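Student: Pasting a structure here, questions to come.
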Amino acid sequence: MQGTGRASRIEGGEFVVIRVAHLSTAHGRREIRVHLKECNSLAFAGYEVHYVVADGLDDERVGDVQVHDIGAAGGRFQRMLLRPWRMLAAARKLNARVYHFHDPEILLIALFLLRGGAKVVYDSHEDVPRSLLSRDWIPVWIRPALSAVFERFENFVSHRLSGVVGATPYITARFARLNPVSEAINNYPLQSEIEDAVPRIGDARTVCYLGGISRIRGIKEMVRALEYVDVKLILAGAFEDSATEQATRALPGWSKVDYRGVVSRSAVRRIMAESSAGLIPYHPEPNHVDAQPNKMFEYMAAGMPVIASNFPLWCEIIEGNEFGLCADPLDPKAIASAINDLVSNPQKSRGMGENGRKAVMDRYNWTVEEKKLLGFYADLLTVKQA
């Protein structure tokens, strides 16, 4: 995709600002990818940007983005079955030129908006069919069938939309076979996140993990690894459920964990400044092996080396650019060995951290992806002459 954002045009002798609406029933109003990156970039380029959410916090204007609230759902199934139709009603009232969807559960209503002549875009944040295979809230016996059915539905809708955005090249490649108007918009750090990184002040024997805490993201292996190293783990984020939290707290390694719960963005920066390495020991689930976790690039922006799962793509990015180490995520001793390698070699750790920060500043940053987003919108809105 080439070009720059076209936020306005002359129609019928009048100057018209193009209205776009981003829609999500699952993400918050200040979600990083949707609001802080995509919505803000479009608004800065001159688009009239609306963001429709379902959080029960009422309407408000946040900077140059108008947030509309359709009310919070009572639970997962109400969100999936009832909120899409309320979202459709709210979207129709906006009468936008472009509707940009961020959740698979509201994908069905995209077809209704497409009939009105608007441009409709699906933003796939993850490989949903593969992610369904490891969702703990879905009974194991039904996961393969549910994954297959959803993939057929997602393919059917995506083929008919105006365009598709994927959060990684892997996701985008799948949709590009269905819809030629597809673009990879990677979840790289904002320039402000790079500039606001706090200088390293931490104990050389402290590592961290930031984000959602769950079984498949390697929480038990991380804590078990602490049994083999003299290192403290700063842990920040929400546990997926109380059972996982209780089981994790019962592990011997928990005595070396400094659990800080859900923290603010400024607290996240402080934690990274206190740490000598950042961990991402995701399990080899189908939705993980070709993903590009946002926290990987956040660690890099903070000048921290990364210790991550030894997936081929991750090893290519991390070890290929020499800003971290990869280890078997299912082997606590392998994770411990990687941690010990870095904390025992401060000079090596600092060098890897510097390599990661340079890679983010040069390549893995939102400024690069913003240009692609604006070019995607420009191409989407271009009226081709016969």
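Ordering of the structure tokens sets the chain letters (A, B, ...), residue numbers begin anew at 1 in every chain, and ligands are numbered from 1 in the order given.
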Any chance you could list, as an MDAnalysis selection string, the residues in range 265-354 of chain A that come up strand (DSSP E) when DSSP is run on the backbone?
Tutor: chainID A and resid 277:280 306:309 324:327
Student: Give me a file of those residues, with C-alpha atoms, as a PDB file, in the first residue's frame.
Tutor:
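Everything below was put into out.pdb:
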ATOM      1  CA  ALA A 277      15.547  -8.455  31.484  1.00  0.00           C
ATOM      2  CA  GLY A 278      11.946  -8.956  30.363  1.00  0.00           C
ATOM      3  CA  LEU A 279      10.322 -12.397  30.083  1.00  0.00           C
ATOM      4  CA  ILE A 280       7.892 -13.738  27.440  1.00  0.00           C
ATOM      5  CA  VAL A 306      14.358 -10.145  26.136  1.00  0.00           C
ATOM      6  CA  ILE A 307      14.104 -13.766  27.266  1.00  0.00           C
ATOM      7  CA  ALA A 308      11.433 -15.434  25.158  1.00  0.00           C
ATOM      8  CA  SER A 309      10.126 -18.738  23.836  1.00  0.00           C
ATOM      9  CA  GLY A 324      17.969 -11.327  23.849  1.00  0.00           C
ATOM     10  CA  LEU A 325      17.875 -15.076  24.330  1.00  0.00           C
ATOM     11  CA  CYS A 326      15.341 -17.772  23.471  1.00  0.00           C
ATOM     12  CA  ALA A 327      14.592 -20.840  25.579  1.00  0.00           C
TER      13      ALA A 327
END
Student: If you run DSSP on this backbone, which residues of range 173-353 of chain A come out as helix (DSSP H, G or I), and could you give them as number ranges by chain?
Tutor: A: 173-176, 191-195, 219-228, 242-249, 252-256, 265-274, 294-301, 312-318, 332-343, 346-353
Student: Do you have the CA of Ser162 in chain A-CA of Val98 in chain A distance handy?
Tutor: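 Separating CA of Ser162 in chain A from CA of Val98 in chain A is a distance of 9.3 Å.
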Student: Could you tell me how far CA of Tyr228 in chain A sits from CA of Leu342 in chain A, in Å to one decimal place?
Tutor: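 Taking CA of Leu342 in chain A as the start and CA of Tyr228 in chain A as the end point, the length is 14.2 Å.
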Student: So, with only C-alpha atoms as the atoms that count, which of A:Leu57, A:Val121, A:Ile216, A:Ala336 lies closest to Asp136 in chain A?
Tutor: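 Closest to Asp136 in chain A of all the choices is A:Ile216.
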Student: Which residue out of A:Pro104, A:Ser255, A:Ser182, A:Glu370 has the minimum interatomic distance to Cys39 in chain A when only C-alpha atoms are used?
Tutor: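 Among the listed residues, A:Glu370 lies closest to Cys39 in chain A.
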Student: Quick one: residues within 10 Å of Glu154 in chain A, only C-alpha atoms, excluding same-chain residues fewer than 3 positions away - as an mmCIF file with N, CA and C atoms, in the first residue's frame?
Tutor:
data_model
loop_
_atom_site.group_PDB
_atom_site.id
_atom_site.type_symbol
_atom_site.label_atom_id
_atom_site.label_comp_id
_atom_site.auth_asym_id
_atom_site.auth_seq_id
_atom_site.Cartn_x
_atom_site.Cartn_y
_atom_site.Cartn_z
ATOM 1 N N PRO A 104 -13.805 -10.111 16.530
ATOM 2 C CA PRO A 104 -14.448 -11.141 15.698
ATOM 3 C C PRO A 104 -15.921 -11.322 16.033
ATOM 4 N N GLU A 105 -16.323 -11.058 17.282
ATOM 5 C CA GLU A 105 -17.713 -11.302 17.667
ATOM 6 C C GLU A 105 -18.702 -10.302 17.065
ATOM 7 N N LEU A 107 -18.251 -9.236 13.883
ATOM 8 C CA LEU A 107 -17.963 -9.293 12.452
ATOM 9 C C LEU A 107 -19.226 -9.449 11.613
ATOM 10 N N LEU A 108 -20.235 -10.123 12.136
ATOM 11 C CA LEU A 108 -21.462 -10.338 11.369
ATOM 12 C C LEU A 108 -22.121 -9.022 10.967
ATOM 13 N N TYR A 122 -11.888 -4.930 8.581
ATOM 14 C CA TYR A 122 -11.729 -5.840 9.723
ATOM 15 C C TYR A 122 -10.283 -5.788 10.174
ATOM 16 N N VAL A 128 -7.613 -15.830 15.313
ATOM 17 C CA VAL A 128 -8.709 -16.301 16.168
ATOM 18 C C VAL A 128 -8.967 -17.801 16.053
ATOM 19 N N PRO A 129 -9.046 -18.369 14.845
ATOM 20 C CA PRO A 129 -9.301 -19.819 14.776
ATOM 21 C C PRO A 129 -8.287 -20.642 15.562
ATOM 22 N N ALA A 148 -12.915 -24.560 13.404
ATOM 23 C CA ALA A 148 -13.148 -24.757 11.971
ATOM 24 C C ALA A 148 -14.353 -23.965 11.485
ATOM 25 N N VAL A 149 -15.433 -23.976 12.261
ATOM 26 C CA VAL A 149 -16.650 -23.243 11.880
ATOM 27 C C VAL A 149 -16.376 -21.746 11.855
ATOM 28 N N PHE A 150 -15.689 -21.253 12.896
ATOM 29 C CA PHE A 150 -15.416 -19.817 12.923
ATOM 30 C C PHE A 150 -14.504 -19.394 11.774
ATOM 31 N N GLU A 151 -13.528 -20.228 11.440
ATOM 32 C CA GLU A 151 -12.629 -19.863 10.347
ATOM 33 C C GLU A 151 -13.396 -19.736 9.031
ATOM 34 N N VAL A 157 -16.838 -13.627 5.566
ATOM 35 C CA VAL A 157 -17.066 -12.183 5.760
ATOM 36 C C VAL A 157 -15.889 -11.373 5.228
ATOM 37 N N SER A 158 -14.676 -11.767 5.564
ATOM 38 C CA SER A 158 -13.489 -10.998 5.178
ATOM 39 C C SER A 158 -13.345 -10.877 3.667
ATOM 40 N N HIS A 159 -13.721 -11.909 2.957
ATOM 41 C CA HIS A 159 -13.647 -11.893 1.492
ATOM 42 C C HIS A 159 -14.524 -10.800 0.895
ATOM 43 N N PHE A 175 -5.188 -13.533 5.355
ATOM 44 C CA PHE A 175 -6.316 -12.781 4.797
ATOM 45 C C PHE A 175 -6.040 -12.274 3.381
#
Student: Counting only C-alpha atoms, which residue out of A:Arg115, A:Arg30, A:His283, A:His100 sits closest to Leu373 in chain A?
Tutor: A:His100
Student: Kindly give the distance, in Å, that separates CA of Val257 in chain A and CA of Glu322 in chain A, rounded to a single decimal.
Tutor: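 Straight-line distance from CA of Val257 in chain A to CA of Glu322 in chain A works out to 27.5 Å.
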Student: From the set A:Gly46, A:Pro329, A:Gly212, A:Pro189, which residue has the shortest atom-to-atom contact distance to Glu369 in chain A, counting only C-alpha atoms?
Tutor: A:Pro189
Student: Closest to Leu132 in chain A among A:Thr168, A:Thr382, A:Gln347, A:Asn287, using only C-alpha atoms?
Tutor: A:Asn287
Student: Residues near range 351-354 of chain A, anyone? I mean within 10 Å using only C-alpha atoms, not counting same-chain ones fewer than 2 positions away, as a ChimeraX atom specification.
Tutor: /A:276-277,299-306,318-319,321-325,342,346-349,356-360
Student: Go ahead and dump the residues you just picked, C-alpha atoms, as a PDB file, in the first residue's frame.
Tutor:
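Written file, again_11.pdb:
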ATOM      1  CA  SER A 276      17.624  -6.373  33.922  1.00  0.00           C
ATOM      2  CA  ALA A 277      15.547  -8.455  31.484  1.00  0.00           C
ATOM      3  CA  TYR A 299      10.968  -4.312  26.545  1.00  0.00           C
ATOM      4  CA  MET A 300      13.199  -3.372  23.619  1.00  0.00           C
ATOM      5  CA  ALA A 301      12.122   0.280  23.788  1.00  0.00           C
ATOM      6  CA  ALA A 302      13.115   0.311  27.450  1.00  0.00           C
ATOM      7  CA  GLY A 303      16.595  -0.933  26.581  1.00  0.00           C
ATOM      8  CA  MET A 304      16.024  -4.334  28.212  1.00  0.00           C
ATOM      9  CA  PRO A 305      17.169  -7.648  26.765  1.00  0.00           C
ATOM     10  CA  VAL A 306      14.358 -10.145  26.136  1.00  0.00           C
ATOM     11  CA  ILE A 318      15.466 -11.715  18.950  1.00  0.00           C
ATOM     12  CA  GLU A 319      18.667 -13.659  18.470  1.00  0.00           C
ATOM     13  CA  ASN A 321      19.209  -8.891  16.111  1.00  0.00           C
ATOM     14  CA  GLU A 322      21.161  -9.854  19.250  1.00  0.00           C
ATOM     15  CA  PHE A 323      18.827  -8.276  21.787  1.00  0.00           C
ATOM     16  CA  GLY A 324      17.969 -11.327  23.849  1.00  0.00           C
ATOM     17  CA  LEU A 325      17.875 -15.076  24.330  1.00  0.00           C
ATOM     18  CA  LEU A 342      22.071 -12.368  31.428  1.00  0.00           C
ATOM     19  CA  PRO A 346      25.872  -7.263  33.011  1.00  0.00           C
ATOM     20  CA  GLN A 347      27.980  -6.071  30.075  1.00  0.00           C
ATOM     21  CA  LYS A 348      26.349  -8.602  27.739  1.00  0.00           C
ATOM     22  CA  SER A 349      22.927  -7.656  29.090  1.00  0.00           C
ATOM     23  CA  GLY A 356      17.026  -3.809  21.107  1.00  0.00           C
ATOM     24  CA  ARG A 357      16.468  -0.109  21.688  1.00  0.00           C
ATOM     25  CA  LYS A 358      18.297   0.771  18.468  1.00  0.00           C
ATOM     26  CA  ALA A 359      16.178  -1.749  16.531  1.00  0.00           C
ATOM     27  CA  VAL A 360      12.997  -0.160  17.898  1.00  0.00           C
TER      28      VAL A 360
END
Student: Ranking A:Ile18, A:Ile70, A:Val268, A:Ile317 by minimum distance to Val49 in chain A and counting only C-alpha atoms, which one comes first?
Tutor: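 Using only C-alpha atoms, the shortest distance to Val49 in chain A belongs to A:Ile18.
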Student: Which residues come within 9 Å of Val65 in chain A, counting only C-alpha atoms, excluding same-chain residues fewer than 4 positions away, as an mmCIF file with C-alpha atoms, in the first residue's frame?
Tutor:
data_model
loop_
_atom_site.group_PDB
_atom_site.id
_atom_site.type_symbol
_atom_site.label_atom_id
_atom_site.label_comp_id
_atom_site.auth_asym_id
_atom_site.auth_seq_id
_atom_site.Cartn_x
_atom_site.Cartn_y
_atom_site.Cartn_z
ATOM 1 C CA HIS A 35 -7.238 4.277 20.397
ATOM 2 C CA CYS A 39 -7.531 6.391 16.208
ATOM 3 C CA ASN A 40 -5.076 9.071 17.290
ATOM 4 C CA ALA A 43 -7.341 12.081 13.936
ATOM 5 C CA GLU A 48 -13.075 12.904 12.022
ATOM 6 C CA VAL A 49 -12.624 9.898 14.300
ATOM 7 C CA HIS A 50 -15.248 8.176 16.449
ATOM 8 C CA TYR A 51 -14.596 5.174 18.679
ATOM 9 C CA GLU A 60 -16.643 11.471 26.275
ATOM 10 C CA ARG A 61 -14.197 13.266 24.046
#
Student: Using only C-alpha atoms, which residues sit within 10 Å of Tyr259 in chain A once same-chain residues fewer than 5 positions away are excluded, as an MDAnalysis selection string?
Tutor: chainID A and resid 208:209 233:237 254
Student: Include N, CA and C atoms and write out the residues we just selected as a PDB file, in the first residue's frame.
Tutor:
ATOM      1  N   CYS A 208      11.499  -9.134  34.915  1.00  0.00           N
ATOM      2  CA  CYS A 208      10.083  -8.796  35.019  1.00  0.00           C
ATOM      3  C   CYS A 208       9.252  -9.500  33.950  1.00  0.00           C
ATOM      4  N   TYR A 209       7.971  -9.602  34.258  1.00  0.00           N
ATOM      5  CA  TYR A 209       6.975 -10.034  33.278  1.00  0.00           C
ATOM      6  C   TYR A 209       5.788  -9.090  33.428  1.00  0.00           C
ATOM      7  N   LEU A 233      11.619 -11.789  40.603  1.00  0.00           N
ATOM      8  CA  LEU A 233      10.732 -11.537  39.460  1.00  0.00           C
ATOM      9  C   LEU A 233       9.673 -10.512  39.845  1.00  0.00           C
ATOM     10  N   ILE A 234       9.658  -9.388  39.136  1.00  0.00           N
ATOM     11  CA  ILE A 234       8.577  -8.417  39.301  1.00  0.00           C
ATOM     12  C   ILE A 234       7.478  -8.803  38.324  1.00  0.00           C
ATOM     13  N   LEU A 235       6.302  -9.052  38.853  1.00  0.00           N
ATOM     14  CA  LEU A 235       5.167  -9.524  38.067  1.00  0.00           C
ATOM     15  C   LEU A 235       4.060  -8.476  38.132  1.00  0.00           C
ATOM     16  N   ALA A 236       3.554  -8.055  36.967  1.00  0.00           N
ATOM     17  CA  ALA A 236       2.482  -7.053  36.934  1.00  0.00           C
ATOM     18  C   ALA A 236       1.454  -7.445  35.883  1.00  0.00           C
ATOM     19  N   GLY A 237       0.184  -7.432  36.272  1.00  0.00           N
ATOM     20  CA  GLY A 237      -0.887  -7.805  35.361  1.00  0.00           C
ATOM     21  C   GLY A 237      -1.965  -8.553  36.123  1.00  0.00           C
ATOM     22  N   TRP A 254       7.433 -18.743  44.420  1.00  0.00           N
ATOM     23  CA  TRP A 254       6.643 -17.522  44.649  1.00  0.00           C
ATOM     24  C   TRP A 254       7.294 -16.607  45.699  1.00  0.00           C
TER      25      TRP A 254
END
